[in-house]
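Enquirer: Coordinates in start.pdb, PDB, C-alpha atoms (C1' of nucleotides), are listed below.
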MODEL        1
ATOM      1  CA  MET A1040     -64.318 -43.107  52.089
ATOM      2  CA  ASP A1041     -62.287 -41.406  54.904
ATOM      3  CA  SER A1042     -58.805 -42.498  56.006
ATOM      4  CA  SER A1043     -56.456 -40.886  58.546
ATOM      5  CA  LEU A1044     -53.012 -39.726  57.401
ATOM      6  CA  GLY A1045     -51.305 -38.516  60.572
ATOM      7  CA  THR A1046     -53.218 -35.376  61.508
ATOM      8  CA  LEU A1047     -54.571 -35.055  57.978
ATOM      9  CA  ILE A1048     -57.665 -36.816  56.735
ATOM     10  CA  THR A1049     -58.089 -37.949  53.159
ATOM     11  CA  THR A1050     -61.565 -38.029  51.685
ATOM     12  CA  THR A1051     -62.409 -39.372  48.251
ATOM     13  CA  ILE A1052     -65.589 -38.502  46.405
ATOM     14  CA  THR A1053     -66.715 -40.246  43.243
ATOM     15  CA  VAL A1054     -68.483 -38.156  40.620
ATOM     16  CA  SER A1055     -70.408 -39.649  37.710
ATOM     17  CA  THR A1056     -69.882 -38.140  34.261
ATOM     18  CA  PRO A1057     -71.854 -38.104  30.996
ATOM     19  CA  PRO A1058     -71.264 -41.022  28.574
ATOM     20  CA  GLN A1059     -67.890 -40.897  26.772
ATOM     21  CA  PHE A1060     -66.756 -37.949  28.895
ATOM     22  CA  GLY A1061     -63.121 -37.092  28.146
ATOM     23  CA  PHE A1062     -61.517 -35.895  31.354
ATOM     24  CA  TRP A1063     -58.246 -34.699  29.774
ATOM     25  CA  ARG A1064     -60.018 -33.310  26.732
ATOM     26  CA  THR A1065     -61.941 -31.038  29.112
ATOM     27  CA  VAL A1066     -58.960 -30.197  31.318
ATOM     28  CA  TYR A1067     -56.979 -29.164  28.225
ATOM     29  CA  SER A1068     -59.899 -27.517  26.445
ATOM     30  CA  HIS A1069     -58.060 -24.171  26.764
ATOM     31  CA  GLY A1070     -55.347 -22.571  28.880
ATOM     32  CA  TRP A1071     -57.108 -22.343  32.257
ATOM     33  CA  CYS A1072     -55.602 -25.610  33.563
ATOM     34  CA  ALA A1073     -52.174 -23.936  33.449
ATOM     35  CA  LEU A1074     -53.275 -21.018  35.626
ATOM     36  CA  PRO A1075     -53.449 -21.308  39.432
ATOM     37  CA  PRO A1076     -55.291 -22.343  41.510
ATOM     38  CA  PHE A1077     -55.493 -25.081  38.847
ATOM     39  CA  ARG A1078     -52.432 -27.275  38.524
ATOM     40  CA  VAL A1079     -51.906 -30.318  36.333
ATOM     41  CA  ASP A1080     -49.777 -33.044  37.903
ATOM     42  CA  LYS A1081     -48.628 -34.998  34.857
ATOM     43  CA  LYS A1082     -46.868 -37.682  36.921
ATOM     44  CA  GLU A1083     -49.906 -38.414  39.082
ATOM     45  CA  GLU A1084     -52.263 -37.658  36.177
ATOM     46  CA  THR A1085     -54.437 -35.362  38.260
ATOM     47  CA  LEU A1086     -55.922 -31.909  37.964
ATOM     48  CA  ASP A1087     -55.425 -30.214  41.330
ATOM     49  CA  CYS A1088     -57.685 -27.323  42.294
ATOM     50  CA  VAL A1089     -58.349 -25.176  45.326
ATOM     51  CA  PHE A1090     -62.015 -24.627  46.141
ATOM     52  CA  SER A1091     -63.351 -22.005  48.563
ATOM     53  CA  LEU A1092     -66.460 -23.500  50.154
ATOM     54  CA  SER A1093     -69.357 -21.438  51.483
ATOM     55  CA  ASP A1094     -68.447 -22.158  55.147
ATOM     56  CA  GLY A1095     -65.004 -20.645  54.590
ATOM     57  CA  THR A1096     -63.220 -23.987  54.213
ATOM     58  CA  LEU A1097     -60.457 -24.068  51.639
ATOM     59  CA  ALA A1098     -60.307 -27.509  50.025
ATOM     60  CA  VAL A1099     -57.456 -28.773  47.857
ATOM     61  CA  ALA A1100     -58.846 -31.475  45.588
ATOM     62  CA  SER A1101     -57.043 -33.787  43.175
ATOM     63  CA  LEU A1102     -59.299 -34.849  40.325
ATOM     64  CA  ARG A1103     -58.570 -38.081  38.493
ATOM     65  CA  SER A1104     -60.279 -39.971  35.700
ATOM     66  CA  LEU A1105     -61.739 -43.373  36.621
ATOM     67  CA  GLY A1106     -62.607 -44.355  33.078
ATOM     68  CA  GLN A1107     -65.298 -42.997  30.798
ATOM     69  CA  ASP A1108     -68.120 -42.544  33.257
ATOM     70  CA  LYS A1109     -66.531 -41.574  36.579
ATOM     71  CA  ILE A1110     -63.943 -39.299  38.098
ATOM     72  CA  SER A1111     -62.706 -39.071  41.660
ATOM     73  CA  ALA A1112     -61.894 -36.058  43.799
ATOM     74  CA  THR A1113     -59.453 -36.663  46.641
ATOM     75  CA  ILE A1114     -59.360 -34.006  49.350
ATOM     76  CA  THR A1115     -56.824 -33.788  52.158
ATOM     77  CA  SER A1116     -58.069 -31.808  55.145
ATOM     78  CA  GLN A1117     -57.327 -31.307  58.830
ATOM     79  CA  SER A1118     -60.906 -31.921  59.965
ATOM     80  CA  PRO A1119     -63.412 -34.497  58.711
ATOM     81  CA  PHE A1120     -65.023 -33.516  55.441
ATOM     82  CA  SER A1121     -68.708 -33.340  56.345
ATOM     83  CA  ALA A1122     -71.595 -34.470  54.122
ATOM     84  CA  PRO A1123     -72.681 -30.888  53.233
ATOM     85  CA  ARG A1124     -69.103 -30.049  52.273
ATOM     86  CA  LYS A1125     -68.907 -33.205  50.118
ATOM     87  CA  LYS A1126     -72.139 -32.202  48.416
ATOM     88  CA  GLU A1127     -70.938 -28.668  47.737
ATOM     89  CA  LEU A1128     -67.587 -29.846  46.439
ATOM     90  CA  THR A1129     -69.263 -32.387  44.143
ATOM     91  CA  GLN A1130     -71.392 -29.581  42.718
ATOM     92  CA  LEU A1131     -68.316 -27.406  42.157
ATOM     93  CA  VAL A1132     -66.496 -30.235  40.382
ATOM     94  CA  ARG A1133     -69.534 -30.807  38.160
ATOM     95  CA  SER A1134     -69.613 -27.076  37.397
ATOM     96  CA  ILE A1135     -65.941 -26.586  36.474
ATOM     97  CA  LEU A1136     -65.994 -29.662  34.203
ATOM     98  CA  ARG A1137     -69.412 -28.668  32.779
ATOM     99  CA  LEU A1138     -70.801 -32.134  33.509
ATOM    100  CA  ASP A1139     -74.427 -30.965  33.677
ATOM    101  CA  GLU A1140     -74.409 -29.016  30.437
ATOM    102  CA  ASP A1141     -76.477 -30.613  27.687
ATOM    103  CA  PHE A1142     -74.542 -30.920  24.434
ATOM    104  CA  SER A1143     -76.985 -33.196  22.594
ATOM    105  CA  ASP A1144     -78.194 -30.367  20.284
ATOM    106  CA  PHE A1145     -74.601 -29.414  19.603
ATOM    107  CA  TYR A1146     -73.598 -32.959  18.638
ATOM    108  CA  ARG A1147     -76.706 -33.288  16.484
ATOM    109  CA  HIS A1148     -75.728 -30.059  14.725
ATOM    110  CA  VAL A1149     -72.074 -30.947  14.059
ATOM    111  CA  SER A1150     -72.893 -34.495  12.944
ATOM    112  CA  ARG A1151     -74.567 -32.954   9.873
ATOM    113  CA  TYR A1152     -71.144 -31.699   8.711
ATOM    114  CA  PRO A1153     -68.607 -34.363   7.617
ATOM    115  CA  ASP A1154     -65.711 -32.055   8.547
ATOM    116  CA  TYR A1155     -66.999 -31.758  12.104
ATOM    117  CA  ARG A1156     -68.081 -35.334  12.803
ATOM    118  CA  TRP A1157     -64.845 -35.839  14.781
ATOM    119  CA  ILE A1158     -66.275 -33.380  17.354
ATOM    120  CA  CYS A1159     -69.235 -35.665  17.868
ATOM    121  CA  ARG A1160     -67.088 -38.817  17.859
ATOM    122  CA  MET A1161     -64.663 -37.431  20.452
ATOM    123  CA  ARG A1162     -67.427 -35.845  22.522
ATOM    124  CA  VAL A1163     -65.445 -32.612  22.928
ATOM    125  CA  GLY A1164     -66.904 -29.190  23.717
ATOM    126  CA  ARG A1165     -66.887 -28.957  27.506
ATOM    127  CA  LEU A1166     -64.659 -25.998  28.324
ATOM    128  CA  LEU A1167     -63.020 -25.972  31.743
ATOM    129  CA  ARG A1168     -64.095 -23.032  33.886
ATOM    130  CA  ALA A1169     -63.255 -21.635  37.315
ATOM    131  CA  PRO A1170     -65.452 -22.270  40.346
ATOM    132  CA  THR A1171     -66.673 -18.660  40.168
ATOM    133  CA  VAL A1172     -67.535 -16.232  37.385
ATOM    134  CA  PHE A1173     -65.417 -13.617  39.167
ATOM    135  CA  GLU A1174     -62.312 -15.792  38.760
ATOM    136  CA  ASP A1175     -63.105 -16.389  35.077
ATOM    137  CA  VAL A1176     -63.593 -12.677  34.399
ATOM    138  CA  VAL A1177     -60.425 -11.611  36.223
ATOM    139  CA  LYS A1178     -58.389 -14.245  34.408
ATOM    140  CA  MET A1179     -59.893 -13.271  31.059
ATOM    141  CA  MET A1180     -58.939  -9.654  31.745
ATOM    142  CA  CYS A1181     -55.404 -10.889  32.370
ATOM    143  CA  THR A1182     -55.287 -12.486  28.913
ATOM    144  CA  THR A1183     -55.974  -9.230  27.088
ATOM    145  CA  ASN A1184     -53.273  -7.411  25.181
ATOM    146  CA  CYS A1185     -50.360  -9.466  26.389
ATOM    147  CA  SER A1186     -48.430 -12.682  25.893
ATOM    148  CA  TRP A1187     -49.490 -15.900  27.617
ATOM    149  CA  ALA A1188     -46.321 -15.636  29.718
ATOM    150  CA  LEU A1189     -47.518 -12.325  31.129
ATOM    151  CA  THR A1190     -51.002 -13.746  31.791
ATOM    152  CA  THR A1191     -49.350 -16.527  33.789
ATOM    153  CA  THR A1192     -47.259 -13.998  35.717
ATOM    154  CA  MET A1193     -50.307 -11.866  36.603
ATOM    155  CA  VAL A1194     -52.453 -14.807  37.742
ATOM    156  CA  ASN A1195     -49.567 -16.388  39.664
ATOM    157  CA  ASN A1196     -49.004 -13.105  41.485
ATOM    158  CA  LEU A1197     -52.720 -12.657  42.153
ATOM    159  CA  THR A1198     -53.040 -16.043  43.831
ATOM    160  CA  SER A1199     -49.694 -16.150  45.655
ATOM    161  CA  LEU A1200     -49.864 -12.578  46.991
ATOM    162  CA  LEU A1201     -53.597 -12.114  47.582
ATOM    163  CA  GLY A1202     -55.113 -15.608  47.607
ATOM    164  CA  PRO A1203     -55.792 -17.476  50.856
ATOM    165  CA  ALA A1204     -53.112 -20.032  51.752
ATOM    166  CA  ALA A1205     -54.266 -23.651  51.396
ATOM    167  CA  ASP A1206     -52.500 -26.968  52.066
ATOM    168  CA  ALA A1207     -49.610 -28.295  49.972
ATOM    169  CA  GLY A1208     -48.190 -24.808  49.391
ATOM    170  CA  LEU A1209     -51.162 -23.857  47.224
ATOM    171  CA  HIS A1210     -53.266 -20.721  47.365
ATOM    172  CA  GLY A1211     -56.896 -20.211  46.514
ATOM    173  CA  PHE A1212     -58.029 -17.497  44.138
ATOM    174  CA  PRO A1213     -58.386 -14.162  45.943
ATOM    175  CA  ALA A1214     -61.840 -12.953  46.901
ATOM    176  CA  ALA A1215     -63.051  -9.744  45.264
ATOM    177  CA  ALA A1216     -62.607  -7.890  48.569
ATOM    178  CA  SER A1217     -58.931  -8.888  48.753
ATOM    179  CA  ILE A1218     -58.228  -7.320  45.376
ATOM    180  CA  ALA A1219     -60.470  -4.319  46.034
ATOM    181  CA  GLY A1220     -58.497  -3.599  49.212
ATOM    182  CA  GLN A1221     -55.255  -3.029  47.293
ATOM    183  CA  THR A1222     -53.926   0.167  45.757
ATOM    184  CA  ASP A1223     -53.505   0.850  42.067
ATOM    185  CA  ALA A1224     -49.740   1.075  42.616
ATOM    186  CA  PHE A1225     -49.609  -2.356  44.306
ATOM    187  CA  ILE A1226     -51.477  -4.028  41.459
ATOM    188  CA  ARG A1227     -49.249  -2.410  38.865
ATOM    189  CA  LYS A1228     -45.986  -3.089  40.667
ATOM    190  CA  TYR A1229     -46.478  -6.493  42.294
ATOM    191  CA  LEU A1230     -49.086  -8.174  40.116
ATOM    192  CA  ARG A1231     -47.505  -6.723  36.930
ATOM    193  CA  ALA A1232     -50.993  -5.882  35.681
ATOM    194  CA  GLY A1233     -49.986  -2.462  34.333
ATOM    195  CA  TYR A1234     -52.791  -0.360  32.900
ATOM    196  CA  ARG A1235     -55.296  -3.126  33.806
ATOM    197  CA  ALA A1236     -54.985  -2.122  37.480
ATOM    198  CA  PRO A1237     -57.905   0.365  37.528
ATOM    199  CA  TYR A1238     -60.090  -2.148  35.646
ATOM    200  CA  LEU A1239     -59.308  -4.917  38.169
ATOM    201  CA  LEU A1240     -59.946  -2.552  41.059
ATOM    202  CA  GLU A1241     -63.250  -1.294  39.682
ATOM    203  CA  LEU A1242     -64.496  -4.827  38.953
ATOM    204  CA  SER A1243     -63.433  -6.160  42.362
ATOM    205  CA  ASP A1244     -64.974  -3.206  44.146
ATOM    206  CA  ARG A1245     -68.323  -3.603  42.347
ATOM    207  CA  VAL A1246     -68.384  -7.332  43.119
ATOM    208  CA  ALA A1247     -67.253  -6.979  46.746
ATOM    209  CA  SER A1248     -69.834  -4.251  47.430
ATOM    210  CA  GLY A1249     -72.610  -6.348  45.903
ATOM    211  CA  LYS A1250     -73.328  -3.810  43.139
ATOM    212  CA  LEU A1251     -72.452  -6.389  40.480
ATOM    213  CA  ASP A1252     -73.648  -9.999  40.792
ATOM    214  CA  LEU A1253     -71.439 -11.876  38.364
ATOM    215  CA  GLU A1254     -72.517 -15.310  39.583
ATOM    216  CA  SER A1255     -76.073 -14.679  38.332
ATOM    217  CA  TRP A1256     -74.733 -14.679  34.765
ATOM    218  CA  ARG A1257     -74.470 -18.488  34.821
ATOM    219  CA  THR A1258     -78.216 -18.846  35.320
ATOM    220  CA  SER A1259     -79.361 -15.678  33.591
ATOM    221  CA  ALA A1260     -82.503 -15.905  31.467
ATOM    222  CA  ALA A1261     -81.398 -12.889  29.410
ATOM    223  CA  SER A1262     -80.800 -13.289  25.688
ATOM    224  CA  THR A1263     -77.191 -13.870  24.681
ATOM    225  CA  GLU A1264     -77.066 -10.413  23.079
ATOM    226  CA  GLU A1265     -78.255  -8.824  26.325
ATOM    227  CA  LEU A1266     -75.786 -10.874  28.378
ATOM    228  CA  PHE A1267     -73.010  -9.852  25.993
ATOM    229  CA  ARG A1268     -73.923  -6.211  26.627
ATOM    230  CA  GLN A1269     -73.767  -6.796  30.380
ATOM    231  CA  VAL A1270     -70.373  -8.487  30.136
ATOM    232  CA  ARG A1271     -69.088  -5.657  27.918
ATOM    233  CA  GLY A1272     -70.227  -3.284  30.651
ATOM    234  CA  VAL A1273     -67.236  -4.373  32.734
ATOM    235  CA  LYS A1274     -64.371  -1.966  32.059
ATOM    236  CA  GLY A1275     -61.400  -3.764  30.523
ATOM    237  CA  ILE A1276     -63.606  -6.411  28.901
ATOM    238  CA  GLY A1277     -63.895  -5.824  25.163
ATOM    239  CA  GLU A1278     -65.246  -7.917  22.292
ATOM    240  CA  TYR A1279     -62.670 -10.694  22.525
ATOM    241  CA  ALA A1280     -62.875 -11.117  26.300
ATOM    242  CA  ALA A1281     -66.681 -10.877  26.415
ATOM    243  CA  GLY A1282     -67.067 -13.477  23.654
ATOM    244  CA  ASN A1283     -64.895 -15.914  25.565
ATOM    245  CA  ILE A1284     -66.492 -15.223  28.943
ATOM    246  CA  LEU A1285     -69.828 -16.064  27.321
ATOM    247  CA  LYS A1286     -68.423 -19.444  26.266
ATOM    248  CA  LEU A1287     -67.674 -20.148  29.933
ATOM    249  CA  LEU A1288     -71.304 -19.232  30.693
ATOM    250  CA  GLY A1289     -72.528 -21.790  28.161
ATOM    251  CA  ARG A1290     -73.303 -19.325  25.344
ATOM    252  CA  TYR A1291     -71.385 -19.881  22.129
ATOM    253  CA  ASP A1292     -72.784 -17.259  19.745
ATOM    254  CA  TYR A1293     -69.672 -15.058  19.663
ATOM    255  CA  LEU A1294     -66.345 -16.011  18.106
ATOM    256  CA  GLY A1295     -64.146 -14.162  20.635
ATOM    257  CA  LEU A1296     -61.355 -13.673  18.097
ATOM    258  CA  ASP A1297     -57.841 -12.875  19.260
ATOM    259  CA  SER A1298     -54.529 -12.796  17.422
ATOM    260  CA  TRP A1299     -53.855 -16.494  18.127
ATOM    261  CA  VAL A1300     -57.179 -17.684  16.688
ATOM    262  CA  ARG A1301     -56.847 -15.323  13.720
ATOM    263  CA  GLY A1302     -53.385 -16.734  13.051
ATOM    264  CA  LYS A1303     -54.537 -20.354  13.290
ATOM    265  CA  TYR A1304     -57.504 -19.617  11.051
ATOM    266  CA  SER A1305     -55.402 -17.925   8.374
ATOM    267  CA  GLU A1306     -52.930 -20.838   8.443
ATOM    268  CA  LYS A1307     -55.723 -23.380   8.075
ATOM    269  CA  TYR A1308     -57.798 -21.701   5.390
ATOM    270  CA  HIS A1309     -55.643 -19.052   3.703
ATOM    271  CA  SER A1310     -52.046 -20.387   3.699
ATOM    272  CA  GLY A1311     -51.094 -17.930   6.414
ATOM    273  CA  ARG A1312     -52.438 -14.878   4.572
ATOM    274  CA  ARG A1313     -54.179 -12.422   6.869
ATOM    275  CA  VAL A1314     -57.943 -12.219   6.488
ATOM    276  CA  SER A1315     -60.527  -9.858   7.910
ATOM    277  CA  ASP A1316     -62.741 -10.752  10.858
ATOM    278  CA  THR A1317     -65.726 -10.434   8.528
ATOM    279  CA  THR A1318     -64.331 -13.256   6.387
ATOM    280  CA  ILE A1319     -63.920 -15.464   9.453
ATOM    281  CA  GLU A1320     -67.385 -14.597  10.717
ATOM    282  CA  ARG A1321     -68.910 -15.422   7.333
ATOM    283  CA  ARG A1322     -67.524 -18.986   7.474
ATOM    284  CA  TYR A1323     -69.105 -19.723  10.843
ATOM    285  CA  ARG A1324     -72.363 -17.783  10.463
ATOM    286  CA  GLU A1325     -74.388 -20.880   9.524
ATOM    287  CA  HIS A1326     -73.518 -22.498  12.855
ATOM    288  CA  GLY A1327     -75.601 -19.935  14.744
ATOM    289  CA  GLN A1328     -75.548 -20.434  18.495
ATOM    290  CA  TRP A1329     -72.672 -22.937  18.215
ATOM    291  CA  ARG A1330     -70.272 -20.921  16.058
ATOM    292  CA  GLY A1331     -68.007 -19.805  18.924
ATOM    293  CA  LEU A1332     -67.543 -23.368  20.115
ATOM    294  CA  ILE A1333     -66.989 -24.771  16.632
ATOM    295  CA  ILE A1334     -64.239 -22.306  15.715
ATOM    296  CA  TRP A1335     -62.460 -22.895  19.021
ATOM    297  CA  LEU A1336     -62.572 -26.693  18.679
ATOM    298  CA  GLU A1337     -61.470 -26.492  15.061
ATOM    299  CA  MET A1338     -58.485 -24.268  15.888
ATOM    300  CA  THR A1339     -57.406 -26.499  18.796
ATOM    301  CA  ARG A1340     -58.088 -29.855  17.131
ATOM    302  CA  ASP A1341     -54.433 -30.916  17.309
ATOM    303  CA  TRP A1342     -54.540 -30.546  21.104
ATOM    304  CA  PHE A1343     -56.916 -33.515  21.311
ATOM    305  CA  THR A1344     -54.355 -35.890  19.845
ATOM    306  CA  LYS A1345     -52.293 -35.820  23.067
ATOM    307  CA  LYS A1346     -53.172 -36.268  26.726
ATOM    308  CA  PHE A1347     -50.972 -33.304  27.740
ATOM    309  CA  PRO A1348     -50.820 -30.929  24.751
ATOM    310  CA  PHE A1349     -48.886 -28.245  26.673
TER     311      PHE A1349
ATOM    312  C1'  DG B1169     -25.834  -5.150  29.318
ATOM    313  C1'  DC B1170     -28.447  -1.551  27.265
ATOM    314  C1'  DG B1171     -31.653   0.691  24.160
ATOM    315  C1'  DT B1172     -35.190   0.252  20.687
ATOM    316  C1'  DC B1173     -38.989  -1.831  18.487
ATOM    317  C1'  DC B1174     -43.057  -4.537  18.328
ATOM    318  C1'  DA B1175     -47.177  -7.388  19.519
ATOM    319  C1'  DG B1176     -51.038  -7.978  22.231
ATOM    320  C1'  DG B1177     -56.905  -5.887  23.316
ATOM    321  C1'  DT B1178     -59.390  -2.025  25.194
ATOM    322  C1'  DC B1179     -60.559   2.659  26.149
ATOM    323  C1'  DT B1180     -61.161   7.438  25.072
ATOM    324  C1'  DA B1181     -61.066  11.457  22.376
ATOM    325  C1'  DC B1182     -61.815  13.165  18.139
ATOM    326  C1'  DC B1183     -63.681  13.570  13.455
TER     327       DC B1183
ATOM    328  C1'  DG C1368     -69.922   4.955  13.377
ATOM    329  C1'  DG C1369     -65.095   4.827  12.400
ATOM    330  C1'  DT C1370     -60.256   5.818  13.538
ATOM    331  C1'  DA C1371     -55.957   7.157  15.961
ATOM    332  C1'  DG C1372     -53.331   7.107  19.861
ATOM    333  C1'  DA C1373     -52.334   5.830  24.576
ATOM    334  C1'  DC C1374     -51.954   2.290  27.935
ATOM    335  C1'  DC C1375     -47.959  -1.471  29.881
ATOM    336  C1'  DT C1376     -45.169  -5.535  29.714
ATOM    337  C1'  DG C1377     -41.907  -8.747  28.026
ATOM    338  C1'  DG C1378     -39.519 -10.748  24.243
ATOM    339  C1'  DA C1379     -36.663 -10.168  20.147
ATOM    340  C1'  DC C1380     -33.179  -7.837  18.088
ATOM    341  C1'  DG C1381     -29.120  -4.898  17.150
ATOM    342  C1'  DC C1382     -25.258  -2.695  19.006
TER     343       DC C1382
ENDMDL
END
Would you put the structure from the file into structure tokens?

Expert:
Amino acid sequence: MDSSLGTLITTTITVSTPPQFGFWRTVYSHGWCALPPFRVDKKEETLDCVFSLSDGTLAVASLRSLGQDKISATITSQSPFSAPRKKELTQLVRSILRLDEDFSDFYRHVSRYPDYRWICRMRVGRLLRAPTVFEDVVKMMCTTNCSWALTTTMVNNLTSLLGPAADAGLHGFPAAASIAGQTDAFIRKYLRAGYRAPYLLELSDRVASGKLDLESWRTSAASTEELFRQVRGVKGIGEYAAGNILKLLGRYDYLGLDSWVRGKYSEKYHSGRRVSDTTIERRYREHGQWRGLIIWLEMTRDWFTKKFPF
DNA sequence: GCGTCCAGGTCTACC
DNA sequence: GGTAGACCTGGACGC
């Protein structure tokens, strides 16, 4: 459906979803929805995102739930949104919401545990991800060793200062070359990335020069252990960050513990008393390839009781 | 308003 | 292989 709006054209695409898909449960599956180019519009009840298409078009899309088996993506553009662009955007929407990932084994596994049957009932587990692995890795690097407020500052600065300008005052996520073209001093001073600056520069340079193909990680046939080693090979990505990047690649074997998860875990199981990582790992060991997803869902269970948990 | 302390992951040097 | 210290920012706290 296309309709003219002055010089702007509005295009709406309908995307089918798996049965019982929870749009807001996926949007709020972790903190990404609060980091640009994502933006939650609570009044309009949309998730707005900026997508960079392969032909260079920058598309601002508003995603909205149309019930349990459909969502819509509304794009406002200055030129007609062609069929190939619609197809590419549909694929990107499916990818960020993880609509094509098969969770049937996961739900079969958790349904064997009375304490986890709610996971199966609510059909949760799809973790929101960025359109590109590069964006996910950069953002994950910006979550390390700092408060969430500082993560937000770094990602806001990255997009507003280096990202391409889109409609509605939004910016897309910067391409690797845009970051690689900056100086260490700029990244420290204006992005507030501090000591992460050389790590961001090295990563962006390797990606921009084609020496590192991050996008291939999503379809890699390598074992999870091997992929973990590759992810850890990026400077600035340690155990925590690598474990969580793997979750966004559809591999859930690593817990990806940080201070927040450790705190939630100790509150839930040890009355707030600190426990070792080994103790936490022991509890989830029996869940094998799903342990990383189970611990995350368990620690964020209260988020699923509200449409907008934060 | 200013100075000090601390929390937050990762890397590197050292044992 | 394990450990200590440095890295940098922002918030909390005391003065």

Enquirer: Would you mind reading off the distance between atom CA of Arg1235 of chain A and atom CA of Gly1275 of chain A, one decimal, in Å?

Expert: 7.0 Å

Enquirer: Taking the file as I've supplied it (selection: the PyMOL selection byres ((chain C and resi 1376) around 10)), which residues are included? Please answer as a PDB file with C-alpha atoms (C1' of nucleotides), in the frame of the given file.

Expert:
ATOM      1  CA  ASN A1184     -53.273  -7.411  25.181  1.00  0.00           C
ATOM      2  CA  CYS A1185     -50.360  -9.466  26.389  1.00  0.00           C
ATOM      3  CA  SER A1186     -48.430 -12.682  25.893  1.00  0.00           C
ATOM      4  CA  LEU A1189     -47.518 -12.325  31.129  1.00  0.00           C
ATOM      5  CA  ARG A1231     -47.505  -6.723  36.930  1.00  0.00           C
ATOM      6  CA  ALA A1232     -50.993  -5.882  35.681  1.00  0.00           C
ATOM      7  CA  GLY A1233     -49.986  -2.462  34.333  1.00  0.00           C
ATOM      8  CA  TYR A1234     -52.791  -0.360  32.900  1.00  0.00           C
TER       9      TYR A1234
ATOM     10  C1'  DG B1176     -51.038  -7.978  22.231  1.00  0.00           C
TER      11       DG B1176
ATOM     12  C1'  DC C1375     -47.959  -1.471  29.881  1.00  0.00           C
ATOM     13  C1'  DG C1377     -41.907  -8.747  28.026  1.00  0.00           C
ATOM     14  C1'  DG C1378     -39.519 -10.748  24.243  1.00  0.00           C
TER      15       DG C1378
END

Enquirer: Just the number, please: distance in Å from atom CA of Phe1212 of chain A to atom CA of Asp1108 of chain A, one decimal.

Expert: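 Distance reported for this atom pair: 29.1 Å.
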
Enquirer: To one decimal place, how far is atom CA of Arg1162 of chain A from atom CA of Phe1077 of chain A in Å?

Expert: 22.9 Å

Enquirer: From the list A:Pro1119, A:Gly1095, A:Pro1170, A:Pro1237, which residue is nearest chain B when using all atoms listed in the file?

Expert: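 Going through A:Pro1119, A:Gly1095, A:Pro1170, A:Pro1237 one by one, the smallest distance to chain B is for A:Pro1237.
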
Enquirer: Tell me, counting all atoms listed in the file, for each residue of chain A within 9 Å of chain B, which pair of atoms is nearest and how far apart they are in Å to one decimal, in rows ordered by chain and increasing number, as CSV.

Expert:
residue,atom,partner,partner_atom,distance
A:Thr1182,CA,B:DG1177,C1',8.8
A:Thr1183,CA,B:DG1177,C1',5.1
A:Asn1184,CA,B:DG1176,C1',3.7
A:Cys1185,CA,B:DG1176,C1',4.5
A:Ser1186,CA,B:DG1176,C1',6.5
A:Lys1274,CA,B:DC1179,C1',8.4
A:Gly1275,CA,B:DT1178,C1',6.0
A:Ile1276,CA,B:DT1178,C1',7.1
A:Gly1277,CA,B:DT1178,C1',5.9
A:Glu1278,CA,B:DG1177,C1',8.6
A:Tyr1279,CA,B:DG1177,C1',7.5
A:Ala1280,CA,B:DG1177,C1',8.5
A:Asp1297,CA,B:DG1177,C1',8.1
A:Ser1298,CA,B:DG1176,C1',7.7

Enquirer: Name all residues at most 6 Å from Leu1201 of chain A (count all atoms listed in the file; drop same-chain ones fewer than 3 positions away) and give them as a ChimeraX atom specification.

Expert: /A:1197-1198,1213

Enquirer: Counting only C-alpha atoms, figure out which residue out of A:Val1054, A:Met1180, A:Val1194, A:Ala1281 gets nearest to Val1132 of chain A.

Expert: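 Ranking A:Val1054, A:Met1180, A:Val1194, A:Ala1281 by distance to Val1132 of chain A, first place goes to A:Val1054.
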
Enquirer: Please evaluate the PyMOL selection byres ((chain A and resi 1084-1087) around 10) against the displayed coordinates and give the resulting residues as a PyMOL selection string.

Expert: chain A and resi 1062-1063+1066+1072-1073+1075-1083+1088-1090+1099-1104+1111-1114+1209+1346-1347

Enquirer: Edge lengths and centre in Å to one decimal, as AutoDock Vina command-line options, of the axis-aligned box that encloses all listed atoms of segment 1169-1177 of chain B with 5 Å added on every side?

Expert:
--center_x -41.4 --center_y -3.6 --center_z 23.8 --size_x 41.1 --size_y 18.7 --size_z 21.0

Enquirer: Between A:Asp1094, A:Asp1252, A:Asp1223, A:Asp1206, which is the closest to Tyr1238 of chain A once you count only C-alpha atoms?

Expert: A:Asp1223

Enquirer: For the structure provided, state which residues fall under the PyMOL selection byres ((chain A and resi 1148) around 12), and present them as a list in words.

Expert: Phe1142, Ser1143, Asp1144, Phe1145, Tyr1146, Arg1147, Val1149, Ser1150, Arg1151, Tyr1152, Pro1153, Asp1154, Tyr1155, Arg1156, Ile1158, Cys1159, Glu1325, His1326, Gly1327, Gln1328, Trp1329, Arg1330, Leu1332 and Ile1333 of chain A

Enquirer: Would you mind listing what lies within 8 Å of Leu1047 of chain A as a ChimeraX atom specification, with all atoms listed in the file counted and same-chain residues fewer than 4 positions away left out?

Expert: /A:1043,1115-1118

Enquirer: If we count only C-alpha atoms (C1' of nucleotides) and set the cut-off at 9 Å, which residues sit around Leu1253 of chain A, ignoring sequence neighbours fewer than 6 positions away in its own chain? Please answer as a PDB file with C-alpha atoms, in the coordinates of the input.

Expert:
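Contents of the output file result_5.pdb:
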ATOM      1  CA  THR A1171     -66.673 -18.660  40.168  1.00  0.00           C
ATOM      2  CA  VAL A1172     -67.535 -16.232  37.385  1.00  0.00           C
ATOM      3  CA  PHE A1173     -65.417 -13.617  39.167  1.00  0.00           C
ATOM      4  CA  VAL A1176     -63.593 -12.677  34.399  1.00  0.00           C
ATOM      5  CA  VAL A1246     -68.384  -7.332  43.119  1.00  0.00           C
ATOM      6  CA  VAL A1270     -70.373  -8.487  30.136  1.00  0.00           C
TER       7      VAL A1270
END
